[in-house]
Every structure is written in C-alpha cells, then in structure tokens.
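Visitor: Can you read through this structure? Questions will come right after.
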Amino acid sequence: MYGNFSFHFDSEIVFGKDTENEAGRLVKKHGGTKVMIVYGSGSVKKSGLLDRIKNSLTESRIMYTEYGGVQPNPLRSFAEAGVRKAMESGADFVIGVGGGSVIDTAKAIAYGAANDGDFWQFYTGKKPEKMLPVGTIVTIAAAGSETSRSSVIVDDVDSHQKKGLWSSFRPCFAIMNPELTYSLPPFQTAAGCADIFSHTFMRYFSNFSSYLGDRYGEATMQTIVKYAPIALSEPENYEARAEILLAGSLSHSDLMMIGRPGSSAGGEHALESQLSGYYDTTHGAGLAVIMPALLKYFVVHGSEEQVARVEMFAKNVFGADSAVGGISAFVNWLKSIGMPTTLSELGIPEAEIPEAIKRCMAARGSTIDGFIKLDEAAVNEIYDLASCT
C-alpha cells in the first residue's frame, strides 16, 4: 500500500576532510553569535578537534562556552544543567560534537534554552514550537541524530525510562569528516553500524511501501553489510568510513520514508530502548539482539504480505532464498562484526527479563505499534526468541 507522506530535509551537509574548520563560517551563516559547544569525553580535546573548532569560531568572531561530559544513554539531569549554563551564558546557538548521545543532549539544551529552561515537557508529549539553532560535528557514525528530527534522553530524575521526542526541527548543519571516525574502538564502530541498519530496518518494515523507497532502503542496508567489516579490519579506510557516515545520516532522514506516512517503525526501538535505558547497554548492540528476534516473530505471526516483505528483505539484502535463510544470514553478519545476538550476551540476566518486559510495556502502554501491533504476550515471545541464538 502506498501512503501519503511529507518530505523535508533542511540540514546542510558539509562533507569531507578538514570540514570541521568550517564551523565558524556555518554558525555565522545560520545566525549564531554566541555558541555553547557540547561534547562527551576528553577524546575531542586529546585529538585536537575541540581546539580546531574553537579556532574556527574565533576566526569568525563568534564567542563560545563549553559543556563537556555527555555520557552514552544521555541523562535528563545533565541536559538540565546544560540548559542553565546556556541561558546564563546567553548562548543563541548550540553545537553538538560527537555521536547521537551528544547531539541529542545538544538538542535538549537548545529546546530548553528557547523555552524558559523547560525542555522535558517536550519529551513527555508537548510539541515544541521553537528551539535554538543546532549545528553538529559528527565523530561517530551511528544514530543519525545529526540530521534527524528526533532526540532521546534517559529520565534519571523521575521515571528512569528513555523518552523520545520527534519534532519538526532538525540541525541546521552537519559537518561530516570521515577521518574523525578513524579512532573509534571496534565495538563502537560495529554497534554504530547496527544502529544505522536499524534506522533503515524500522522504515522498511512498514505496512506502507513504494518501489523506490524499498530500493533506497535495501541499498542503504547493503552498504552497511558491505562496509562494516572493512571499517573494522581497516580502521583508516576513508571510503568505508565515508560510506558508513553517509548511510547513518540518510538512514534517519525522510528519504527512507518515501511512500510511508508518519514515523512508521518496525517496533525494534520500542523493544530495545528500555534495555539500554535501564541497564546502560549500548543502543546499537541491543538493537542487534532485538532485530532478528523480531523478524522471527514476523514470519510466524505475520500476514501473507508481511511474510513476503521479510522474504524480500532476505533476498535483496542478504541474497537468501527464504525468510529463514535471510534471518540466519543476518545473525551471522552481526556475529561477524562482533555484535551480541542474545540477551545474555548483551548482559541482561534471564531472571530479570520479566521486569524488562514490564518496563517496556509501561513505557508504551498496552500495545506497541509497528509492522505488527505487539501486546505483552507478543513482547514476551520476542524476548524469548532474543534469548536464543
């Protein structure tokens, strides 16, 4: 079925070697005069990247303040402190330097600074009408937050759940230098590739489709399947890093939504988000566990058309002649790049799975919308499938 959809992609992508040196020009172009630079660990300092960004801002006569220390699975409390600092400094622009956690935090700070300090209202249902402009400099190919409308934050203040925001706002620019991803540890490279794959997967497994949209999705997943092993064996292979970096941004864009209305999703993120939110596991690794289990559930419980889509995925992405063969090939590829494929490998004790299911359902209500609507019994079955190889 072909559905109505809207297409909007207004993030300016500046791609290639040394492009971080254009940060000042781009901030000025997009109206910034005083920037808050948000980043994670000390790696941006040790590598000299932060100094290059600050030099670029200084050359463009743009003032800045720094806010470092974002952790994986970013925290509401840390973002709230960042909002206060941004407002005190008079920042009118936010730059996120890092991966998805940093960029999602930068977005949260930008929402808060533009709305009297209160950003959490937007992660609990209210739609934002304004935010400070955000620029991004990507050091991890994974979440695609550098060009997306979404942001996910862990509520360490109250509910201890991951909360997501999907709005009409995107970063105004994304600087992408593949060389900035060379130093990523192998596990983070692989987890990032699984995350990128999932963002295409979630749009591909929709009850709406188009020929063109399907081919875009398959080509993006094929790109990750091909280049993830190369990036792992040759960390400074520019072509591999470039292909993965571009796939990450495009996988989380409206390009993958052609023929699909709204924010259609397979259901994998809802099933995984409370695992990484509660156990602080790596998001991409959790998705690597959940995606094959979800596909197995689709084959058993899906309609004829839904099973046919799994078969199309198996054939066109992995060259398999059956749905089961494609799922097996998918699992083997995930293992080959060092990803876990069971909950125990992810570090989730079997005895705690019932509580994990309760947290999942509490975050979503009685059912999880997706390719197939999932009730608590379905989630139990999928988690059981994710407990086995």
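Here, A, B, ... name the chains of the structure tokens in the order displayed, residue numbers run from 1 inside each chain, and ligands are numbered from 1 in the same displayed order.
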Within 9 Å of Ser198 (chain A), counting only C-alpha atoms, which residues qualify if same-chain residues fewer than 2 places away don't, as a PyMOL selection string?
Guide: chain A and resi 193-196+200-203+221+251+268-269+284+287-288+291
Visitor: Give me the residues within 9 Å of Glu236 (chain A) as a short mmCIF file (atom, residue, chain, number, x, y, z; two decimals) with N, CA and C atoms, in the first residue's frame, counting only C-alpha atoms and dropping any in the same chain fewer than 6 places off.
Guide:
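Once written, part-v3.cif looks like this:
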data_model
loop_
_atom_site.label_atom_id
_atom_site.label_comp_id
_atom_site.auth_asym_id
_atom_site.auth_seq_id
_atom_site.Cartn_x
_atom_site.Cartn_y
_atom_site.Cartn_z
N GLU A 179 37.38 11.13 8.56
CA GLU A 179 38.61 10.91 9.32
C GLU A 179 38.39 11.04 10.83
N THR A 181 36.19 9.67 12.45
CA THR A 181 35.69 8.38 12.97
C THR A 181 36.77 7.30 12.98
N TYR A 182 37.98 7.61 12.52
CA TYR A 182 39.05 6.61 12.44
C TYR A 182 39.38 5.99 13.80
N SER A 183 39.36 6.77 14.85
CA SER A 183 39.85 6.32 16.15
C SER A 183 38.80 5.59 16.98
#
Visitor: I'd like the neighbourhood of Lys28 (chain A) as a list in words, where a residue qualifies if any of its atoms comes within 10 Å (using only C-alpha atoms), though same-chain residues fewer than 6 positions away should be ignored.
Guide: Lys34, Leu57, Ser60, Arg61, Ile62 and Phe93 of chain A
Visitor: Dump N, CA and C atoms for the selected residues as a PDB file, in the first residue's frame?
Guide:
ATOM      1  N   LYS A  34      26.826  33.557  19.679  1.00  0.00           N
ATOM      2  CA  LYS A  34      27.440  33.021  20.881  1.00  0.00           C
ATOM      3  C   LYS A  34      27.030  31.554  21.021  1.00  0.00           C
ATOM      4  N   LEU A  57      35.740  29.192  15.287  1.00  0.00           N
ATOM      5  CA  LEU A  57      34.765  30.139  15.831  1.00  0.00           C
ATOM      6  C   LEU A  57      35.415  31.495  16.107  1.00  0.00           C
ATOM      7  N   SER A  60      35.908  33.592  13.117  1.00  0.00           N
ATOM      8  CA  SER A  60      34.657  34.195  12.655  1.00  0.00           C
ATOM      9  C   SER A  60      34.071  35.160  13.677  1.00  0.00           C
ATOM     10  N   ARG A  61      34.843  35.457  14.730  1.00  0.00           N
ATOM     11  CA  ARG A  61      34.442  36.401  15.772  1.00  0.00           C
ATOM     12  C   ARG A  61      33.152  35.968  16.475  1.00  0.00           C
ATOM     13  N   ILE A  62      33.090  34.670  16.736  1.00  0.00           N
ATOM     14  CA  ILE A  62      31.941  34.104  17.438  1.00  0.00           C
ATOM     15  C   ILE A  62      32.400  33.661  18.825  1.00  0.00           C
ATOM     16  N   PHE A  93      23.098  29.686  20.055  1.00  0.00           N
ATOM     17  CA  PHE A  93      23.381  28.611  19.104  1.00  0.00           C
ATOM     18  C   PHE A  93      24.053  27.487  19.889  1.00  0.00           C
TER      19      PHE A  93
END
Visitor: Using DSSP on the backbone coordinates, identify all residues within region 165-240 of chain A classified as strand (DSSP E or B); present the result as a PyMOL selection string.
Guide: chain A and resi 165-166+173-176
Visitor: Could you save the residues just selected, with C-alpha atoms, as a compact mmCIF listing (two decimals), in the first residue's frame?
Guide:
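In the end it all went to result_35.txt:
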# COMPACT_ATOMS: atom_id res chain seq x y z
CA LEU A 165 10.98 13.45 21.06
CA TRP A 166 10.02 13.66 17.39
CA PHE A 173 24.07 21.90 9.53
CA ALA A 174 26.03 18.68 9.88
CA ILE A 175 29.80 18.65 9.44
CA MET A 176 30.97 15.17 8.43
Visitor: So which one's closest to Lys163 (chain A), A:Ser273, A:Ser344, A:Ser89, A:Ser148? Using only C-alpha atoms, please.
Guide: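 Among A:Ser273, A:Ser344, A:Ser89, A:Ser148, it is A:Ser273 that comes nearest to Lys163 (chain A).
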Visitor: I want to know what sits within 12 Å of Gly90 (chain A), based on only C-alpha atoms, with residues of the same chain fewer than 3 positions away left out; could you give that as a VMD selection string?
Guide: chain A and resid 32 to 36 63 to 65 83 to 87 93 to 94 110 113 to 114 132
Visitor: Give me the residues near Ala143 (chain A) as a list in words, where near means some atom within 8 Å (using only C-alpha atoms) and where sequence neighbours in that chain fewer than 4 positions away do not count.
Guide: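 Contacts, with the query itself left out: Gly99, Gly100, Gly192, Asp195, Ile196, Gly248, Ser249 and His252 of chain A.
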Visitor: Go ahead and write the residues just picked, C-alpha atoms, as a compact mmCIF listing (two decimals), in the first residue's frame.
Guide:
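See part-v4.txt below for the written result:
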# COMPACT_ATOMS: atom_id res chain seq x y z
CA GLY A 99 27.69 10.97 18.29
CA GLY A 100 24.00 10.54 18.96
CA GLY A 192 27.11 2.17 15.22
CA ASP A 195 22.22 1.25 14.79
CA ILE A 196 22.37 2.62 11.24
CA GLY A 248 23.98 6.91 9.04
CA SER A 249 22.63 10.34 8.18
CA HIS A 252 17.37 8.56 9.70
Visitor: Just list the residues in region 204-255 of chain A DSSP gives alpha helix (DSSP H) on the backbone, as a PyMOL selection string.
Guide: chain A and resi 204+211-233+238-251
Visitor: Can you tell me, as a PyMOL selection string, what residues are no more than 12 Å from Val317 (chain A) when counting only C-alpha atoms, ignoring any on the same chain fewer than 5 positions away?
Guide: chain A and resi 197+200-201+204+214-226+309-312+322-323+325-327+329-330+333
Visitor: Rank nothing, just name the residue among A:Gly69, A:Gly98, A:Pro171, A:Gly48 nearest to Met131 (chain A), using only C-alpha atoms.
Guide: A:Pro171
